[in-house]
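**Q** Below: one structure in structure tokens.
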Amino acid sequence: MTSGKPENDRSLRELIDGADERGLAAAGLACLDRCLPLLAADRGEVLRPVWAAVARADGGAWGEAVAKARVELDAEGGGDAAEAVRGMLASAPGEWSPEALRAWVGTCSGTALALHGRYDAAGADADLVERCRAGDADGAGPLLAGELRRQRAVLESAAHGPTGLRRARELSVEGGRVLRAVVSRRARTTA
């Protein structure tokens, strides 16, 4: 489903539409990984087996690792942002199919962008999030714009196999640190 446009000219939606199973799984997992500090700041290693399943493109291991992560991250509290992150994990498909993964990535992408937009100084409404996904980031604050760049970079990197997945994981770790710092700073200023 690739278009004739160069990768850097394609919208996030077009990149998702053109990704294979491994790219889709990496993209959804990366969104979840970057938002994980909103749910459990010290639980990032829980997703390591899921990343390993993506690297091997192993559908059986994927389903098992996702189920295990759900159990390990099933905790109460944390507010509506934490609930949104739980929803991202809860909706992860157990099956390794392009249709199921593409639907999940679409949801994760929108949720991650909305969560990042919420913590941007200017805020972001649903219309801005959808415009960003369609390729128009005009008006996006720095946190939302950064998440959009990371999502695009993960989809572009994942197309390059295990090396690209390493880059995708690095982008997720970096994005998680950025979000954790913003949330921490906001908590200190409102306390």
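Letters A, B, ... mark the chains of the structure tokens in the order given; residue numbers begin at 1 per chain; ligand numbers begin at 1, in order shown.
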Give me, as a list in words, all polymer residues having an atom no more than 10 Å from Ala53 of chain A, counting only C-alpha atoms and skipping those fewer than 6 positions away in the same chain.

**A**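 Result of the neighbour search: Arg22, Ala25, Ala26, Gly59, Gly60, Ala61, Trp62, Gly63, Glu64, Ala65 and Val66 of chain A.
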
**Q** Excluding Ala55 of chain A and residues on its chain fewer than 2 positions from it, collect all residues at most 9 Å away from it, counting only C-alpha atoms, and give them as a PDB file with N, CA and C atoms, in the first residue's frame.

**A**
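The resulting around_14.pdb:
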ATOM      1  N   ARG A  22       5.612  -6.233  11.423  1.00  0.00           N
ATOM      2  CA  ARG A  22       6.653  -5.866  12.383  1.00  0.00           C
ATOM      3  C   ARG A  22       6.656  -4.352  12.623  1.00  0.00           C
ATOM      4  N   ALA A  26       5.826  -2.611  16.177  1.00  0.00           N
ATOM      5  CA  ALA A  26       6.825  -1.708  16.763  1.00  0.00           C
ATOM      6  C   ALA A  26       6.230  -0.331  17.004  1.00  0.00           C
ATOM      7  N   VAL A  50       7.988  -8.061  25.032  1.00  0.00           N
ATOM      8  CA  VAL A  50       7.146  -7.711  23.887  1.00  0.00           C
ATOM      9  C   VAL A  50       8.027  -7.185  22.752  1.00  0.00           C
ATOM     10  N   TRP A  51       9.018  -6.349  23.096  1.00  0.00           N
ATOM     11  CA  TRP A  51       9.971  -5.866  22.093  1.00  0.00           C
ATOM     12  C   TRP A  51      10.722  -7.043  21.460  1.00  0.00           C
ATOM     13  N   ALA A  52      11.099  -8.017  22.277  1.00  0.00           N
ATOM     14  CA  ALA A  52      11.823  -9.186  21.753  1.00  0.00           C
ATOM     15  C   ALA A  52      10.955  -9.955  20.755  1.00  0.00           C
ATOM     16  N   ALA A  53       9.676 -10.087  21.043  1.00  0.00           N
ATOM     17  CA  ALA A  53       8.758 -10.771  20.124  1.00  0.00           C
ATOM     18  C   ALA A  53       8.637  -9.999  18.812  1.00  0.00           C
ATOM     19  N   ALA A  57       9.564 -11.112  15.046  1.00  0.00           N
ATOM     20  CA  ALA A  57       8.318 -11.197  14.275  1.00  0.00           C
ATOM     21  C   ALA A  57       7.601 -12.512  14.597  1.00  0.00           C
ATOM     22  N   ASP A  58       7.571 -12.831  15.882  1.00  0.00           N
ATOM     23  CA  ASP A  58       7.017 -14.086  16.373  1.00  0.00           C
ATOM     24  C   ASP A  58       5.631 -13.832  16.964  1.00  0.00           C
ATOM     25  N   GLY A 161      14.323  -3.678   9.746  1.00  0.00           N
ATOM     26  CA  GLY A 161      14.624  -4.894  10.501  1.00  0.00           C
ATOM     27  C   GLY A 161      15.140  -4.634  11.901  1.00  0.00           C
ATOM     28  N   PRO A 162      15.946  -5.576  12.448  1.00  0.00           N
ATOM     29  CA  PRO A 162      16.422  -5.485  13.826  1.00  0.00           C
ATOM     30  C   PRO A 162      17.187  -4.200  14.140  1.00  0.00           C
ATOM     31  N   LEU A 165      14.686  -1.588  14.622  1.00  0.00           N
ATOM     32  CA  LEU A 165      13.957  -1.770  15.885  1.00  0.00           C
ATOM     33  C   LEU A 165      14.762  -1.257  17.067  1.00  0.00           C
ATOM     34  N   ARG A 166      16.071  -1.405  16.995  1.00  0.00           N
ATOM     35  CA  ARG A 166      16.920  -0.834  18.056  1.00  0.00           C
ATOM     36  C   ARG A 166      16.726   0.671  18.113  1.00  0.00           C
TER      37      ARG A 166
END

**Q** Quick one: residues within 8 Å of Leu38 of chain A, only C-alpha atoms, excluding same-chain residues fewer than 6 positions away - as number ranges by chain?

**A** A: 78, 81-82, 85, 180, 183

**Q** At most 12 Å is the cut-off: for each residue in segment 86-122 of chain A with any atom that close to an atom of segment 171-177 of chain A, write down the nearest atom pair and the distance in Å rounded to one decimal, counting only C-alpha atoms, chain first then increasing number, as a tab-separated table.

**A**
residue	atom	partner	partner_atom	distance
A:Ala112	CA	A:Gly175	CA	10.8
A:Leu113	CA	A:Gly175	CA	11.8
A:His116	CA	A:Gly175	CA	10.0

**Q** With distances taken over only C-alpha atoms, which residue among A:Arg118, A:Arg86, A:Arg185, A:Arg133 lies nearest Gly106 of chain A?

**A**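 With only C-alpha atoms as the atom set, the closest residue is A:Arg133.
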
**Q** Please determine, counting only C-alpha atoms, which residue among A:Ala168, A:Cys31, A:Ala121, A:Leu39 has the shortest atom-to-atom distance to Thr107 of chain A.

**A**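 Residue with the minimum atom-to-atom distance to Thr107 of chain A: A:Cys31.
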
**Q** So, counting only C-alpha atoms, which residue among A:Gly79, A:Pro93, A:Gly28, A:Gly23 is closest to Thr111 of chain A?

**A**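 Result for the nearest residue to Thr111 of chain A: A:Gly28.
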
**Q** Could you give me, as a list of chain:residue names, the residues within 7 Å of Gly135 of chain A, counting only C-alpha atoms and dropping anything in the same chain fewer than 2 positions from it?

**A**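 The neighbour list is A:Ser11, A:Leu12, A:Arg131, A:Cys132, A:Arg133, A:Ala137.
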